[in-house]
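First comes the structure, then the notes that go with it.
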Amino acid sequence: MKRKVLLSLASVLLVALFGWVWLERVALQAFPDIISAYTAKEYCSCRYVMQQPADYCRGYVKQSVPVRDFFEAVEARRVTVSGLGRSHSARWIGERQGCRLEP
Amino acid sequence: MSRRWLLLPLLLLTLTARAEDWPSEQWPTGPTTTGPALEALEQYAFTQRDESTREGIRTDALLVIQDGRLVYERYAGPTTAQTPHLTWSISKSLLATIFGVAYGERLFALDDPAAKYYPPLQRHPDMTLADLFHWTSGLDWQEDYEYAPLNSSVVAMLYTRGRHDMAAFAAAHESFNPPGQVFRYSSGDSNLLAAALKTIVGPARYADYPWTSLFEPLGIRHATWETDASGTLVGSSYAYLTAQDLARVGLLMQRDGRWGDRQLVPKDWIAFNREPFAGFQAGQDEAVPGGHWWLNRSAGSTLRPWPDAPPDTFAALGHWGQALYIIPSARLVIVRYGDDRDGSYRHNELLKRAMAAFAGAVRP
């Protein structure tokens, strides 16, 4: 009896979870992109717009979610960051337009 | 006759002494302030920084202009007088000031429908430009940075789903209320304005308009304003200026839109910026919204947001403690850049101590 109650409770929770995932599917799909995109964009601007040292900028963009890879092409003023299975790059465009995430 | 000749230089001297100070390439400097009131201000603003925990009040720059003269300037961390610092949402108020120049060119009216200049808003024909300036578009926007990243409209706009065309992303939000009634702070509203400006000034002038309309006339030489992939200014977030240059915008606002002999922004535009949105209810935000600027006005029967600062104080405010305060009655402009990550910084405390140090009194 107890097992039956637990099972039905678990299935209700599972259905609720699937429902929530369905409702939030667009946001959930984009969610893993946040950390690498944020880090690439704000690091690029920290380095090439605010002209701060690399080690400072690494600390400046640090969030609780870690990034896996970090690559800065200094010559091209381009930063590529990956984390949570996604990868994004930001590039410095010019003095007025600063940095932008690449498509 | 000879006596008159003696009087003339004296008269000229008096006139010069009474003339206003304005920055040219450099800010003119005023008398240096010292003493316990200034020490109290510095103790509040500049504490020991810990780059690993990032806790507490972390001021990057503090700069005070009084009567058009630089009377105090100090930098900390990696920021210097040459650093074009990220202003975050101060950008919104800068955008409003750029709109002010276009307003002076009579290129639009505040009660024009926003869709007239940004067709994707045709689903919301009653939404006016004034509504967007008041953050009362009625669009169901979620303004949250780090704390609710999943449903944050602003995070999605800046970094993921919205980043290619931020205004289109904002325009695609459903309404939660008819426009013009309910205040809800929204970076989306600001970027809808940034997109509307493209039509208002014309695509040929748009890319350079912040510079030609505002930065160059003010003598600002090194400003950056990032755009999205569609070329729209990220009016909500991404303007970068040195502290000294941001103070130039402050002085323009303090002097009602006038820069030297030129009325760069019409007075009635500044009046709109400084007029509280009538439908604002106490507690909806940390200060009272005007036309894309923040006001130290009481809403209903509550205290003013910054009770220790004069009631005419108004400000442009940004994430992580960025602030441009203008106190016309004390003829003060204060720029405060920061990197506050824990929300412990208080505008009122800084303003109280700055008033004590530079205006000589703490006003009620």
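In the structure tokens, chains take the letters A, B, ... in the order shown, each chain's residues start at 1, and ligands count up from 1 in the order shown.
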Cut-off 9 Å: closest chain A/chain B atom pairs per residue, using only C-alpha atoms, as JSON lines:
{"residue": "A:Glu24", "atom": "CA", "partner": "B:Asn151", "partner_atom": "CA", "distance": 8.5}
{"residue": "A:Val26", "atom": "CA", "partner": "B:Arg161", "partner_atom": "CA", "distance": 8.9}
{"residue": "A:Ala27", "atom": "CA", "partner": "B:Leu150", "partner_atom": "CA", "distance": 6.0}
{"residue": "A:Leu28", "atom": "CA", "partner": "B:Leu150", "partner_atom": "CA", "distance": 6.8}
{"residue": "A:Ala30", "atom": "CA", "partner": "B:Thr160", "partner_atom": "CA", "distance": 6.3}
{"residue": "A:Phe31", "atom": "CA", "partner": "B:Leu150", "partner_atom": "CA", "distance": 6.1}
{"residue": "A:Asp33", "atom": "CA", "partner": "B:Thr160", "partner_atom": "CA", "distance": 6.4}
{"residue": "A:Ile34", "atom": "CA", "partner": "B:Tyr159", "partner_atom": "CA", "distance": 6.0}
{"residue": "A:Ile35", "atom": "CA", "partner": "B:Tyr159", "partner_atom": "CA", "distance": 8.7}
{"residue": "A:Ser36", "atom": "CA", "partner": "B:Tyr159", "partner_atom": "CA", "distance": 9.0}
{"residue": "A:Ala37", "atom": "CA", "partner": "B:Tyr159", "partner_atom": "CA", "distance": 5.6}
{"residue": "A:Tyr38", "atom": "CA", "partner": "B:Tyr159", "partner_atom": "CA", "distance": 5.9}
{"residue": "A:Lys41", "atom": "CA", "partner": "B:Tyr159", "partner_atom": "CA", "distance": 8.1}
{"residue": "A:Ser45", "atom": "CA", "partner": "B:Leu86", "partner_atom": "CA", "distance": 8.5}
{"residue": "A:Cys46", "atom": "CA", "partner": "B:Leu86", "partner_atom": "CA", "distance": 8.4}
{"residue": "A:Val49", "atom": "CA", "partner": "B:Pro84", "partner_atom": "CA", "distance": 7.0}
{"residue": "A:Met50", "atom": "CA", "partner": "B:Pro84", "partner_atom": "CA", "distance": 5.3}
{"residue": "A:Gln51", "atom": "CA", "partner": "B:Thr83", "partner_atom": "CA", "distance": 7.1}
{"residue": "A:Gln52", "atom": "CA", "partner": "B:Pro78", "partner_atom": "CA", "distance": 6.9}
{"residue": "A:Pro53", "atom": "CA", "partner": "B:Pro78", "partner_atom": "CA", "distance": 8.3}
{"residue": "A:Tyr56", "atom": "CA", "partner": "B:Pro78", "partner_atom": "CA", "distance": 7.8}
{"residue": "A:Gly59", "atom": "CA", "partner": "B:Glu51", "partner_atom": "CA", "distance": 7.4}
{"residue": "A:Tyr60", "atom": "CA", "partner": "B:Glu51", "partner_atom": "CA", "distance": 8.6}
{"residue": "A:Gly94", "atom": "CA", "partner": "B:Thr224", "partner_atom": "CA", "distance": 8.7}
{"residue": "A:Glu95", "atom": "CA", "partner": "B:Thr224", "partner_atom": "CA", "distance": 6.2}
{"residue": "A:Arg96", "atom": "CA", "partner": "B:Thr224", "partner_atom": "CA", "distance": 4.4}
{"residue": "A:Gln97", "atom": "CA", "partner": "B:Glu226", "partner_atom": "CA", "distance": 4.5}
{"residue": "A:Gly98", "atom": "CA", "partner": "B:Glu226", "partner_atom": "CA", "distance": 5.3}
{"residue": "A:Cys99", "atom": "CA", "partner": "B:Glu226", "partner_atom": "CA", "distance": 6.5}
{"residue": "A:Arg100", "atom": "CA", "partner": "B:Asp228", "partner_atom": "CA", "distance": 6.9}
{"residue": "A:Leu101", "atom": "CA", "partner": "B:Tyr159", "partner_atom": "CA", "distance": 7.9}
{"residue": "A:Glu102", "atom": "CA", "partner": "B:Ala229", "partner_atom": "CA", "distance": 8.3}
{"residue": "A:Pro103", "atom": "CA", "partner": "B:His164", "partner_atom": "CA", "distance": 7.4}
Just the selected residues (C-alpha atoms), exported as a PDB file, in the first residue's frame, please.
ATOM      1  CA  GLU A  24      10.029  26.299 -20.134  1.00  0.00           C
ATOM      2  CA  VAL A  26      12.661  27.642 -24.907  1.00  0.00           C
ATOM      3  CA  ALA A  27      14.309  29.090 -21.815  1.00  0.00           C
ATOM      4  CA  LEU A  28      15.808  25.730 -20.814  1.00  0.00           C
ATOM      5  CA  ALA A  30      19.009  28.576 -24.132  1.00  0.00           C
ATOM      6  CA  PHE A  31      20.059  28.270 -20.488  1.00  0.00           C
ATOM      7  CA  ASP A  33      24.468  29.170 -23.415  1.00  0.00           C
ATOM      8  CA  ILE A  34      24.410  31.867 -20.763  1.00  0.00           C
ATOM      9  CA  ILE A  35      27.703  31.188 -19.022  1.00  0.00           C
ATOM     10  CA  SER A  36      29.926  30.960 -22.109  1.00  0.00           C
ATOM     11  CA  ALA A  37      28.211  33.855 -23.896  1.00  0.00           C
ATOM     12  CA  TYR A  38      28.293  36.065 -20.803  1.00  0.00           C
ATOM     13  CA  LYS A  41      31.189  39.095 -24.123  1.00  0.00           C
ATOM     14  CA  SER A  45      34.687  44.345 -23.258  1.00  0.00           C
ATOM     15  CA  CYS A  46      36.751  44.303 -20.067  1.00  0.00           C
ATOM     16  CA  VAL A  49      36.959  48.463 -24.242  1.00  0.00           C
ATOM     17  CA  MET A  50      37.871  49.098 -20.617  1.00  0.00           C
ATOM     18  CA  GLN A  51      41.474  48.092 -21.416  1.00  0.00           C
ATOM     19  CA  GLN A  52      42.052  46.155 -18.230  1.00  0.00           C
ATOM     20  CA  PRO A  53      44.707  43.464 -17.656  1.00  0.00           C
ATOM     21  CA  TYR A  56      41.821  41.181 -13.682  1.00  0.00           C
ATOM     22  CA  GLY A  59      38.289  37.564 -12.112  1.00  0.00           C
ATOM     23  CA  TYR A  60      35.807  40.223 -13.236  1.00  0.00           C
ATOM     24  CA  GLY A  94      36.148  49.037 -33.107  1.00  0.00           C
ATOM     25  CA  GLU A  95      36.559  51.928 -30.705  1.00  0.00           C
ATOM     26  CA  ARG A  96      32.969  53.094 -30.947  1.00  0.00           C
ATOM     27  CA  GLN A  97      31.226  49.732 -31.270  1.00  0.00           C
ATOM     28  CA  GLY A  98      33.291  47.800 -28.754  1.00  0.00           C
ATOM     29  CA  CYS A  99      32.696  44.059 -28.486  1.00  0.00           C
ATOM     30  CA  ARG A 100      29.910  41.873 -29.751  1.00  0.00           C
ATOM     31  CA  LEU A 101      29.054  38.182 -29.535  1.00  0.00           C
ATOM     32  CA  GLU A 102      29.517  36.400 -32.848  1.00  0.00           C
ATOM     33  CA  PRO A 103      26.445  34.778 -34.414  1.00  0.00           C
TER      34      PRO A 103
END
Could you pull out the residues in stretch 44-290 of chain B that DSSP calls alpha helix (DSSP H) from the backbone, as a PyMOL selection string? chain B and resi 44-45+90-104+129-133+153-159+166-171+187-201+203-206+209+243-254+267-273
Please provide the set of residues having any atom within 12 Å of A:Ala73, restricted to only C-alpha atoms, with same-chain residues fewer than 4 positions apart removed, written as a PyMOL selection string. chain A and resi 40+44+47-48+54+77-81+89-92
Would you export the selected residues with C-alpha atoms as an mmCIF file, in the first residue's frame, please?
data_model
loop_
_atom_site.group_PDB
_atom_site.id
_atom_site.type_symbol
_atom_site.label_atom_id
_atom_site.label_comp_id
_atom_site.auth_asym_id
_atom_site.auth_seq_id
_atom_site.Cartn_x
_atom_site.Cartn_y
_atom_site.Cartn_z
ATOM 1 C CA ALA A 40 33.057 35.809 -23.701
ATOM 2 C CA CYS A 44 36.084 40.979 -24.376
ATOM 3 C CA ARG A 47 39.964 43.694 -22.041
ATOM 4 C CA TYR A 48 39.445 45.749 -25.176
ATOM 5 C CA ALA A 54 43.857 39.866 -18.558
ATOM 6 C CA ARG A 77 40.899 40.619 -30.115
ATOM 7 C CA ARG A 78 38.628 37.620 -30.036
ATOM 8 C CA VAL A 79 37.620 35.528 -27.049
ATOM 9 C CA THR A 80 36.155 32.025 -27.167
ATOM 10 C CA VAL A 81 34.683 30.415 -24.088
ATOM 11 C CA SER A 89 32.955 33.892 -29.114
ATOM 12 C CA ALA A 90 33.024 37.652 -28.805
ATOM 13 C CA ARG A 91 35.123 39.977 -30.882
ATOM 14 C CA TRP A 92 36.219 43.594 -30.604
#
List as a list of chain:residue names the protein and nucleic acid residues near B:Pro179, meaning an atom at most 6 Å away when only C-alpha atoms are counted, but skip any in the same chain fewer than 4 places from it.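 Counting only the stated atoms, we get B:Met127, B:Thr136, B:Ser137, B:Gly138.
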Check the DSSP output for the backbone and give back, as an NGL selection string, the residues of stretch 9-97 of chain A in strand (DSSP E or B). :A and (69-73 or 78-83 or 86-94)
As an exercise, work out the distance from atom CA of B:Ser230 to atom CA of B:Gly162 in Å and give it to one decimal place. 11.0 Å
Atom CA of B:Asp60 to atom CA of B:Gly250, straight-line distance in Å: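 Straight-line distance from atom CA of B:Gly250 to atom CA of B:Asp60 works out to 18.1 Å.
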For the atom pair atom CA of B:Arg336 and atom CA of B:Gly279, what is the interatomic distance in Å to one decimal place?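 Spanning atom CA of B:Arg336 to atom CA of B:Gly279 is a straight-line distance of 29.3 Å.
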Excluding same-chain residues fewer than 2 positions from stretch 92-104 of chain B, what lies within 6 Å of it counting only C-alpha atoms, as a ChimeraX atom specification? /B:89-90,106-107,235-236,265-266,269,292-293,316
Write the residues of the selection above to a file with C-alpha atoms, as a short mmCIF file (atom, residue, chain, number, x, y, z; two decimals), in the first residue's frame.
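Result went into selection.cif, see below:
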data_model
loop_
_atom_site.label_atom_id
_atom_site.label_comp_id
_atom_site.auth_asym_id
_atom_site.auth_seq_id
_atom_site.Cartn_x
_atom_site.Cartn_y
_atom_site.Cartn_z
CA SER B 89 21.91 51.00 -17.05
CA ILE B 90 23.23 54.54 -16.86
CA ARG B 106 11.64 68.38 -33.54
CA LEU B 107 11.96 64.90 -34.96
CA GLY B 235 20.59 51.43 -25.15
CA SER B 236 19.81 49.49 -22.01
CA VAL B 265 18.74 69.72 -25.03
CA PRO B 266 15.48 71.67 -24.66
CA TRP B 269 12.86 67.72 -22.29
CA HIS B 292 14.36 57.39 -18.10
CA TRP B 293 16.04 59.06 -15.12
CA ALA B 316 21.21 57.70 -13.71
#
